[in-house]
$ cat query-v7.cif   # mmCIF, C-alpha atoms and all ligand atoms
data_coords
loop_
_atom_site.label_atom_id
_atom_site.label_comp_id
_atom_site.auth_asym_id
_atom_site.auth_seq_id
_atom_site.Cartn_x
_atom_site.Cartn_y
_atom_site.Cartn_z
CA MET A 1 26.48 18.33 -7.53
CA PRO A 2 26.26 16.70 -4.06
CA SER A 3 28.04 13.34 -3.72
CA LEU A 4 26.30 10.06 -4.56
CA GLU A 5 26.20 9.17 -0.85
CA THR A 6 24.36 12.43 -0.11
CA ARG A 7 21.91 11.90 -2.94
CA LYS A 8 21.26 8.30 -1.84
CA ARG A 9 19.71 9.53 1.41
CA PRO A 10 16.08 8.42 1.44
CA VAL A 11 12.94 10.33 0.59
CA ALA A 12 10.82 9.79 3.71
CA PHE A 13 7.02 9.52 3.76
CA LEU A 14 5.08 10.08 6.96
CA ASP A 15 1.44 9.34 7.74
CA SER A 16 -0.56 8.20 10.76
CA GLY A 17 -0.85 4.78 9.14
CA ILE A 18 -0.82 3.23 5.67
CA GLY A 19 -2.51 6.13 3.84
CA GLY A 20 0.67 7.48 2.30
CA VAL A 21 1.77 4.20 0.70
CA PRO A 22 0.02 4.85 -2.66
CA TYR A 23 1.78 8.24 -2.68
CA LEU A 24 5.16 6.57 -2.26
CA ASP A 25 4.18 4.12 -4.96
CA ARG A 26 3.42 6.91 -7.44
CA LEU A 27 6.76 8.68 -6.86
CA ARG A 28 8.64 5.36 -7.06
CA GLU A 29 7.08 4.69 -10.48
CA LYS A 30 8.67 7.94 -11.67
CA LEU A 31 11.95 7.65 -9.75
CA PRO A 32 12.66 3.93 -9.33
CA ARG A 33 16.32 4.26 -8.24
CA GLU A 34 15.73 6.57 -5.30
CA ASN A 35 15.78 5.12 -1.78
CA TYR A 36 12.51 5.45 0.14
CA LEU A 37 11.49 5.18 3.73
CA TYR A 38 7.91 5.00 4.97
CA LEU A 39 6.88 5.71 8.56
CA ALA A 40 3.38 4.84 9.81
CA ASP A 41 2.75 6.68 13.08
CA HIS A 42 0.63 3.86 14.45
CA LYS A 43 1.27 5.01 18.02
CA ASN A 44 -0.78 8.16 17.33
CA PHE A 45 -3.39 6.87 14.88
CA PRO A 46 -5.92 8.31 14.08
CA TYR A 47 -4.80 11.91 13.53
CA GLY A 48 -8.26 12.83 12.26
CA GLU A 49 -9.81 12.66 15.72
CA LYS A 50 -7.13 14.71 17.46
CA SER A 51 -6.89 18.46 18.02
CA ALA A 52 -4.59 20.40 15.67
CA GLU A 53 -2.08 20.76 18.56
CA GLU A 54 -2.08 17.01 19.21
CA VAL A 55 -1.57 16.29 15.52
CA THR A 56 1.38 18.68 15.43
CA ALA A 57 2.97 17.07 18.50
CA SER A 58 2.60 13.63 16.88
CA VAL A 59 4.04 14.80 13.56
CA LEU A 60 7.03 16.49 15.19
CA GLY A 61 7.75 13.41 17.32
CA ALA A 62 7.66 11.11 14.30
CA ALA A 63 9.75 13.55 12.23
CA ASP A 64 12.37 13.71 15.00
CA SER A 65 12.73 9.92 14.88
CA LEU A 66 13.08 10.06 11.10
CA MET A 67 15.68 12.80 11.19
CA ALA A 68 17.71 11.27 14.00
CA ARG A 69 17.72 7.71 12.69
CA HIS A 70 17.56 7.94 8.91
CA ASN A 71 18.78 11.35 7.80
CA PRO A 72 16.30 11.72 4.91
CA LYS A 73 16.89 14.28 2.15
CA MET A 74 13.18 15.15 1.92
CA ILE A 75 10.01 14.51 3.93
CA ILE A 76 6.67 14.00 2.24
CA LEU A 77 3.96 14.57 4.80
CA ALA A 78 1.63 12.07 3.16
CA CYS A 79 -1.38 12.96 5.24
CA ASN A 80 -3.92 15.70 4.60
CA THR A 81 -4.83 15.96 8.29
CA ALA A 82 -1.20 16.48 9.26
CA SER A 83 -0.51 18.84 6.38
CA VAL A 84 -3.46 21.16 7.03
CA SER A 85 -2.52 21.30 10.73
CA SER A 86 1.25 21.09 10.92
CA LEU A 87 3.01 21.76 7.62
CA ALA A 88 4.33 25.20 8.54
CA VAL A 89 5.62 24.07 11.93
CA LEU A 90 7.32 21.01 10.47
CA ARG A 91 8.97 23.13 7.79
CA SER A 92 10.36 25.45 10.44
CA ARG A 93 11.68 22.49 12.44
CA VAL A 94 13.75 20.71 9.77
CA SER A 95 16.30 21.97 7.29
CA ILE A 96 15.29 19.68 4.40
CA PRO A 97 12.40 20.24 1.96
CA VAL A 98 8.98 19.12 3.17
CA VAL A 99 6.23 18.41 0.65
CA GLY A 100 2.69 18.48 2.01
CA VAL A 101 -0.38 16.59 0.81
CA VAL A 102 -3.45 18.81 0.90
CA PRO A 103 -6.94 18.24 -0.52
CA ALA A 104 -6.97 18.53 -4.33
CA VAL A 105 -9.65 21.22 -4.36
CA LYS A 106 -8.15 23.04 -7.33
CA PRO A 107 -8.27 20.18 -9.90
CA ALA A 108 -11.64 18.99 -8.59
CA ALA A 109 -13.18 22.47 -9.02
CA ALA A 110 -11.57 22.86 -12.44
CA ARG A 111 -13.29 19.67 -13.62
CA SER A 112 -16.69 20.37 -12.15
CA GLY A 113 -19.14 21.33 -14.89
CA GLU A 114 -21.95 21.43 -12.31
CA ARG A 115 -19.90 23.68 -10.01
CA THR A 116 -20.62 21.27 -7.15
CA ILE A 117 -17.78 19.30 -5.63
CA GLY A 118 -17.45 16.91 -2.70
CA VAL A 119 -14.64 16.74 -0.16
CA MET A 120 -14.28 13.47 1.69
CA ALA A 121 -11.78 13.71 4.54
CA THR A 122 -11.24 13.28 8.27
CA GLU A 123 -13.18 15.29 10.84
CA ARG A 124 -10.07 17.42 11.51
CA THR A 125 -9.53 18.21 7.79
CA VAL A 126 -13.19 18.88 7.03
CA ASN A 127 -13.21 21.53 9.76
CA ALA A 128 -9.75 22.96 9.10
CA PRO A 129 -9.36 26.68 8.30
CA TYR A 130 -6.75 25.52 5.75
CA LEU A 131 -9.51 23.78 3.77
CA ASP A 132 -11.65 26.94 3.92
CA GLY A 133 -8.68 28.79 2.42
CA LEU A 134 -8.29 26.27 -0.43
CA ILE A 135 -11.99 26.56 -1.23
CA GLU A 136 -11.91 30.37 -1.18
CA GLN A 137 -8.90 30.39 -3.44
CA PHE A 138 -9.65 27.61 -5.89
CA ALA A 139 -13.36 26.81 -5.81
CA VAL A 140 -14.93 30.22 -6.24
CA GLY A 141 -18.57 29.84 -7.22
CA CYS A 142 -18.66 26.12 -6.34
CA ARG A 143 -20.93 24.50 -3.82
CA VAL A 144 -18.79 22.25 -1.64
CA VAL A 145 -20.25 19.21 0.11
CA ARG A 146 -18.00 18.11 2.98
CA VAL A 147 -18.21 14.57 4.33
CA ALA A 148 -16.17 13.44 7.36
CA ALA A 149 -15.55 9.71 7.09
CA GLY A 150 -13.44 8.54 10.04
CA ASP A 151 -15.09 5.10 9.82
CA ILE A 152 -13.59 4.61 6.35
CA VAL A 153 -10.15 5.67 7.63
CA SER A 154 -10.23 2.96 10.33
CA PHE A 155 -11.54 0.42 7.85
CA VAL A 156 -8.62 1.06 5.50
CA GLU A 157 -6.15 1.07 8.37
CA ASN A 158 -7.34 -2.18 9.91
CA ARG A 159 -9.37 -4.23 7.51
CA LEU A 160 -9.21 -3.27 3.82
CA PHE A 161 -6.57 -5.82 2.85
CA LEU A 162 -8.54 -8.62 4.52
CA ALA A 163 -11.92 -7.62 3.07
CA ASP A 164 -13.48 -8.72 -0.22
CA ARG A 165 -14.81 -6.20 -2.72
CA GLU A 166 -18.37 -6.56 -1.47
CA GLU A 167 -17.39 -5.64 2.09
CA GLN A 168 -15.34 -2.70 0.84
CA ASP A 169 -18.21 -1.40 -1.27
CA ARG A 170 -20.72 -1.80 1.57
CA LEU A 171 -18.58 0.39 3.81
CA ILE A 172 -18.21 3.26 1.37
CA ALA A 173 -21.73 3.12 -0.08
CA PRO A 174 -23.29 5.67 2.38
CA ALA A 175 -20.70 8.34 1.52
CA VAL A 176 -21.08 7.67 -2.21
CA GLU A 177 -24.86 7.86 -1.86
CA GLU A 178 -24.62 11.22 -0.12
CA PHE A 179 -22.48 12.63 -2.94
CA ARG A 180 -24.93 11.29 -5.51
CA ARG A 181 -27.88 12.86 -3.67
CA GLU A 182 -26.05 16.18 -3.55
CA LYS A 183 -25.32 15.94 -7.29
CA VAL A 184 -21.59 16.55 -7.05
CA ASP A 185 -19.64 15.74 -10.21
CA SER A 186 -16.15 15.49 -8.75
CA ILE A 187 -14.99 14.54 -5.29
CA VAL A 188 -11.74 15.24 -3.53
CA LEU A 189 -10.23 12.24 -1.76
CA GLY A 190 -8.97 14.52 1.01
CA CYS A 191 -7.47 11.77 3.14
CA THR A 192 -4.62 9.67 1.82
CA HIS A 193 -6.24 6.50 3.17
CA PHE A 194 -9.05 6.92 0.63
CA THR A 195 -6.78 6.63 -2.40
CA TYR A 196 -6.92 2.84 -1.96
CA LEU A 197 -10.65 3.06 -2.69
CA ASP A 198 -10.40 5.07 -5.89
CA ASP A 199 -11.59 2.15 -8.07
CA ASN A 200 -14.46 1.26 -5.75
CA ILE A 201 -15.68 4.86 -5.66
CA ARG A 202 -15.41 5.23 -9.42
CA ALA A 203 -17.44 2.07 -9.98
CA LEU A 204 -20.08 2.91 -7.37
CA SER A 205 -20.52 6.44 -8.68
CA ARG A 206 -21.87 4.97 -11.93
CA GLY A 207 -20.39 7.79 -13.95
CA ASN A 208 -21.95 10.51 -11.78
CA PHE A 209 -18.66 11.82 -10.39
CA ILE A 210 -14.94 11.22 -10.47
CA PRO A 211 -12.61 10.99 -7.48
CA VAL A 212 -9.58 13.30 -7.50
CA ASP A 213 -6.49 12.96 -5.30
CA SER A 214 -3.08 14.63 -5.01
CA ARG A 215 -0.74 11.75 -6.00
CA GLU A 216 0.38 13.15 -9.32
CA GLY A 217 0.81 16.72 -8.06
CA VAL A 218 2.79 15.60 -5.02
CA ALA A 219 5.09 13.33 -7.04
CA ASN A 220 5.75 16.13 -9.52
CA GLN A 221 6.44 18.66 -6.78
CA ALA A 222 8.90 16.26 -5.09
CA ILE A 223 10.72 15.82 -8.41
CA ARG A 224 10.85 19.58 -8.99
CA LEU A 225 12.44 20.18 -5.58
CA LEU A 226 14.95 17.33 -5.94
CA GLU A 227 15.95 18.69 -9.35
CA ARG A 228 16.20 22.23 -8.02
CA ASP A 229 18.59 21.08 -5.29
CA ASP A 230 20.58 18.69 -7.54
CA MET A 231 19.48 15.91 -5.22
CA LEU A 232 17.95 13.46 -7.69
CA CYS A 233 19.44 9.98 -7.42
CA THR A 234 19.31 7.86 -10.54
CA GLU A 235 22.04 5.43 -9.45
CA GLY A 236 20.67 4.31 -6.07
CA GLU A 237 19.54 0.88 -4.91
CA GLY A 238 15.83 1.72 -5.11
CA ARG A 239 15.26 0.48 -1.53
CA SER A 240 11.83 1.00 0.09
CA LEU A 241 11.70 0.42 3.83
CA PHE A 242 8.53 0.38 5.93
CA TYR A 243 8.64 1.36 9.61
CA THR A 244 6.05 2.02 12.26
CA THR A 245 6.23 4.03 15.50
CA ARG A 246 4.63 1.14 17.38
CA ALA A 247 4.73 -2.55 16.54
CA ARG A 248 1.47 -4.24 15.61
CA GLU A 249 0.94 -7.86 16.49
CA ASP A 250 -1.64 -8.64 13.82
CA GLY A 251 0.68 -8.72 10.79
CA TYR A 252 -1.46 -6.20 8.89
CA TYR A 253 1.33 -3.74 8.14
CA ARG A 254 3.56 -6.57 6.98
CA LYS A 255 0.82 -7.63 4.56
CA VAL A 256 0.38 -4.11 3.15
CA ALA A 257 4.15 -3.66 2.89
CA GLU A 258 4.45 -6.92 0.92
CA GLN A 259 1.63 -5.94 -1.38
CA TYR A 260 3.50 -2.75 -2.29
CA SER A 261 6.99 -4.30 -2.38
CA LEU A 262 8.16 -2.41 0.70
CA ASP A 263 10.72 -4.05 2.96
CA PHE A 264 8.98 -4.38 6.34
CA ARG A 265 11.29 -3.32 9.18
CA GLY A 266 8.95 -3.02 12.17
CA GLU A 267 9.30 -0.41 14.87
CA ILE A 268 11.50 2.64 14.30
CA SER A 269 13.79 3.29 17.29
CA SER A 270 12.69 6.24 19.35
CA VAL A 271 14.82 9.36 19.56
CA GLN A 272 15.34 8.84 23.27
CA GLY A 273 16.99 5.48 22.69
CA GLY A 274 20.54 6.81 22.41
CA ALA A 275 22.64 8.17 19.60
CA ALA A 276 21.37 8.09 16.03
N1 LIG B 1 -4.20 9.66 6.21
C1 LIG B 1 -4.61 10.79 6.94
C2 LIG B 1 -5.08 11.92 6.01
O1 LIG B 1 -4.66 12.01 4.87
C3 LIG B 1 -5.56 10.68 8.10
C4 LIG B 1 -5.79 9.43 8.82
C5 LIG B 1 -6.03 9.62 10.30
O2 LIG B 1 -7.10 10.07 10.71
O3 LIG B 1 -5.10 9.32 11.04
O4 LIG B 1 -5.84 12.76 6.38
#
$ encode --input "query-v7.cif" --output "C-alpha cells"
Amino acid sequence: MPSLETRKRPVAFLDSGIGGVPYLDRLREKLPRENYLYLADHKNFPYGEKSAEEVTASVLGAADSLMARHNPKMIILACNTASVSSLAVLRSRVSIPVVGVVPAVKPAAARSGERTIGVMATERTVNAPYLDGLIEQFAVGCRVVRVAAGDIVSFVENRLFLADREEQDRLIAPAVEEFRREKVDSIVLGCTHFTYLDDNIRALSRGNFIPVDSREGVANQAIRLLERDDMLCTEGEGRSLFYTTRAREDGYYRKVAEQYSLDFRGEISSVQGGAA
C-alpha cells in the first residue's frame, strides 16, 4: 500500500465556479478523513458560453495549476460543461485518475414512467454531441426536452447565497413551468450549479417531476477508483481548501466556502509564478 503521505494527497475538484461544491460535500460525507481541494475557475467563468476549444483550454490551464501546486491524487471534473467537452483531453494530460460529471440521463430515463425527461444544462452542454450520445445510449424511446439555462448558472454563481427563497423560486419558475407544460416526469440537473436548487425545483414541481443529479454516482465512482489503487485515506486531517483562479472582491466565495465548511484560501498561484 502507498505510504500515508502519498495517500494524504488531496482529491481535487474543479469547476468554473461554485457548482462542484455540493459534489465535494457528498464525497466528504462518505470519506470524512480525506483531504480535499476545490478550485473555482472564476477567471474563465462561465464555461457554458464558450466554445468547446475554449472550455478545454480553460480546464487544462486550471488543471496545470492544480498539478503543479497541490499534487492531487485524483481530479473530479465537477462540471458537466467541462466534462462533455474536455474529459478525454484532460485524462490524456495527467497521470492521475480523473472522474467526470456528466448529465444523469441514465437514472432519469430509468425513472420516467411517461418516457419523457427534461435536461436542464448550459448552452454548451445542451448542444454537445456527448449529450446526444448519452441519450442514444440510455434514453431509448424517451422524448427529451432540453432547456439551456445560463441565467440560472449566473444567478447561482453571483447571487443565490444572498437571495431569499422567493427570489430563488422566481428565477427558476420559467424553466420549471416549461418542464410542466412538456409533461416531463424526471429532469436531469445537467449543470452542477443547479444542484443547489434541488429543493426549490422539487417543491415547485408540485409532485409532477423529480430532479436527478450525479452526486451519488460520482462519489461512488471516486471511492471505487481510490480503493482500486489502494489510495483511500482514512487517517488524514480531513482538510477542505477552497481556491479560485482569480480573486473576487465581493466576498461571495468566502461566504459559500464558510457555508460548506471549506477553508477559504483565495487565489491559487499560477503555474508561471515559479517552482511548485
Ligand atoms: N457548473 C458547470 C456545469 O456543470 C457550468 C457553469 C458554467 O457555465 O460555467 O455545467
$ closest_residue --input "query-v7.cif" --among "A:Val184, A:Met67, A:Ile117, A:Ile76" --to "Leu225 in chain A" --atoms "all atoms listed in the file"
A:Ile76
$ residues_near_ligand --input "query-v7.cif" --ligand "ligand LIG 1 (chain B)" --cutoff "7 Å" --atoms "all atoms listed in the file" --output "ChimeraX atom specification"
/A:15-17,19-20,45-49,78-82,121-122,125,150,153,190-193
$ closest_residue --input "query-v7.cif" --among "A:Lys50, A:Arg159, A:Lys30, A:Lys43" --to "Arg248 in chain A" --atoms "all atoms listed in the file"
A:Lys43
$ closest_residue --input "query-v7.cif" --among "A:Phe179, A:Phe13, A:Phe138, A:Phe209" --to "Val101 in chain A" --atoms "only C-alpha atoms"
A:Phe13
$ atom_distance --input "query-v7.cif" --atom1 "CA of Tyr260 in chain A" --atom2 "CA of Ser240 in chain A"
9.4 Å
$ residues_around --input "query-v7.cif" --residues "Pro211 in chain A" --least-positions-apart "6" --cutoff "6 Å" --atoms "all atoms listed in the file" --output "PyMOL selection string"
chain A and resi 186-188
$ write_last_selection --input "query-v7.cif" --atoms "C-alpha atoms" --output "PDB file, keeping the file's coordinate frame"
ATOM      1  CA  SER A 186     -16.150  15.490  -8.750  1.00  0.00           C
ATOM      2  CA  ILE A 187     -14.990  14.540  -5.290  1.00  0.00           C
ATOM      3  CA  VAL A 188     -11.740  15.240  -3.530  1.00  0.00           C
TER       4      VAL A 188
END
$ closest_residue --input "query-v7.cif" --among "A:Ala128, A:Ile96, A:Met1, A:Ile18" --to "Val256 in chain A" --atoms "only C-alpha atoms"
A:Ile18
$ residues_around --input "query-v7.cif" --residues "Asn208 in chain A" --least-positions-apart "5" --cutoff "8 Å" --atoms "all atoms listed in the file" --output "list in words"
Arg180, Lys183, Val184 and Asp185 of chain A
$ residues_near_point --input "query-v7.cif" --point "(-21.7, 10.2, -2.4)" --cutoff "9 Å" --atoms "all atoms listed in the file" --output "NGL selection string"
:A and (118 or 147 or 172-184 or 187 or 201 or 204-205 or 209)
$ atom_distance --input "query-v7.cif" --atom1 "CA of Lys8 in chain A" --atom2 "CA of Gly100 in chain A"
21.5 Å
$ closest_residue --input "query-v7.cif" --among "A:Ala163, A:Val89, A:Ala62, A:Ala149" --to "Met120 in chain A" --atoms "all atoms listed in the file"
A:Ala149
$ residues_around --input "query-v7.cif" --residues "Val11 in chain A" --least-positions-apart "5" --cutoff "6 Å" --atoms "all atoms listed in the file" --output "JSON, numbers by chain"
{"A": [36, 72, 73, 74]}
$ write_last_selection --input "query-v7.cif" --atoms "C-alpha atoms" --output "CSV table (one decimal), keeping the file's coordinate frame"
chain,number,residue,atom,x,y,z
A,36,TYR,CA,12.5,5.4,0.1
A,72,PRO,CA,16.3,11.7,4.9
A,73,LYS,CA,16.9,14.3,2.2
A,74,MET,CA,13.2,15.2,1.9
$ residues_around --input "query-v7.cif" --residues "Gly217 in chain A" --least-positions-apart "4" --cutoff "12 Å" --atoms "all atoms listed in the file" --output "list in words"
Tyr23, Arg26, Leu27, Val99, Gly100, Val101, Val102, Pro103, Ala104, Val105, Lys106, Pro107, Val212, Asp213, Gln221, Ala222, Ile223 and Arg224 of chain A
$ closest_residue --input "query-v7.cif" --among "A:Ser85, A:Ser92, A:Ser3, A:Thr234" --to "Glu54 in chain A" --atoms "only C-alpha atoms"
A:Ser85
$ residues_around --input "query-v7.cif" --residues "Asn71 in chain A" --least-positions-apart "2" --cutoff "12 Å" --atoms "all atoms listed in the file" --output "JSON, numbers by chain"
{"A": [5, 6, 7, 8, 9, 10, 11, 12, 35, 36, 37, 63, 64, 65, 66, 67, 68, 69, 73, 74, 75, 94, 95, 96, 276]}
$ atom_distance --input "query-v7.cif" --atom1 "CA of Thr195 in chain A" --atom2 "CA of Leu171 in chain A"
14.7 Å
$ build_atoms --input "query-v7.cif" --residues "range 131-146 of chain A" --atoms "N, CA, C and O atoms" --output "compact mmCIF listing (two decimals), in the coordinates of the input"
# COMPACT_ATOMS: atom_id res chain seq x y z
N LEU A 131 -8.60 24.21 4.84
CA LEU A 131 -9.51 23.78 3.77
C LEU A 131 -10.39 24.95 3.32
O LEU A 131 -10.60 25.14 2.12
N ASP A 132 -10.86 25.75 4.29
CA ASP A 132 -11.65 26.94 3.92
C ASP A 132 -10.84 27.82 2.96
O ASP A 132 -11.36 28.33 1.97
N GLY A 133 -9.56 27.96 3.26
CA GLY A 133 -8.68 28.79 2.42
C GLY A 133 -8.56 28.22 1.00
O GLY A 133 -8.62 28.97 0.02
N LEU A 134 -8.40 26.90 0.91
CA LEU A 134 -8.29 26.27 -0.43
C LEU A 134 -9.57 26.51 -1.22
O LEU A 134 -9.55 26.79 -2.42
N ILE A 135 -10.70 26.39 -0.54
CA ILE A 135 -11.99 26.56 -1.23
C ILE A 135 -12.15 28.01 -1.68
O ILE A 135 -12.54 28.28 -2.83
N GLU A 136 -11.81 28.94 -0.79
CA GLU A 136 -11.91 30.37 -1.18
C GLU A 136 -11.02 30.71 -2.37
O GLU A 136 -11.37 31.48 -3.24
N GLN A 137 -9.85 30.07 -2.37
CA GLN A 137 -8.90 30.39 -3.44
C GLN A 137 -9.20 29.68 -4.77
O GLN A 137 -9.10 30.28 -5.82
N PHE A 138 -9.59 28.40 -4.66
CA PHE A 138 -9.65 27.61 -5.89
C PHE A 138 -11.04 27.13 -6.31
O PHE A 138 -11.19 26.53 -7.37
N ALA A 139 -12.04 27.34 -5.46
CA ALA A 139 -13.36 26.81 -5.81
C ALA A 139 -14.41 27.92 -5.76
O ALA A 139 -15.54 27.71 -5.31
N VAL A 140 -14.01 29.07 -6.25
CA VAL A 140 -14.93 30.22 -6.24
C VAL A 140 -16.17 29.87 -7.07
O VAL A 140 -16.06 29.34 -8.17
N GLY A 141 -17.32 30.11 -6.49
CA GLY A 141 -18.57 29.84 -7.22
C GLY A 141 -19.00 28.39 -7.17
O GLY A 141 -20.01 28.02 -7.78
N CYS A 142 -18.26 27.53 -6.46
CA CYS A 142 -18.66 26.12 -6.34
C CYS A 142 -19.39 25.88 -5.02
O CYS A 142 -19.02 26.44 -3.99
N ARG A 143 -20.36 25.00 -5.07
CA ARG A 143 -20.93 24.50 -3.82
C ARG A 143 -20.05 23.33 -3.39
O ARG A 143 -19.67 22.50 -4.22
N VAL A 144 -19.70 23.31 -2.10
CA VAL A 144 -18.79 22.25 -1.64
C VAL A 144 -19.49 21.42 -0.57
O VAL A 144 -19.92 21.94 0.46
N VAL A 145 -19.61 20.12 -0.84
CA VAL A 145 -20.25 19.21 0.11
C VAL A 145 -19.15 18.48 0.87
O VAL A 145 -18.37 17.74 0.28
N ARG A 146 -19.08 18.71 2.19
CA ARG A 146 -18.00 18.11 2.98
C ARG A 146 -18.53 16.89 3.74
O ARG A 146 -19.53 16.99 4.44
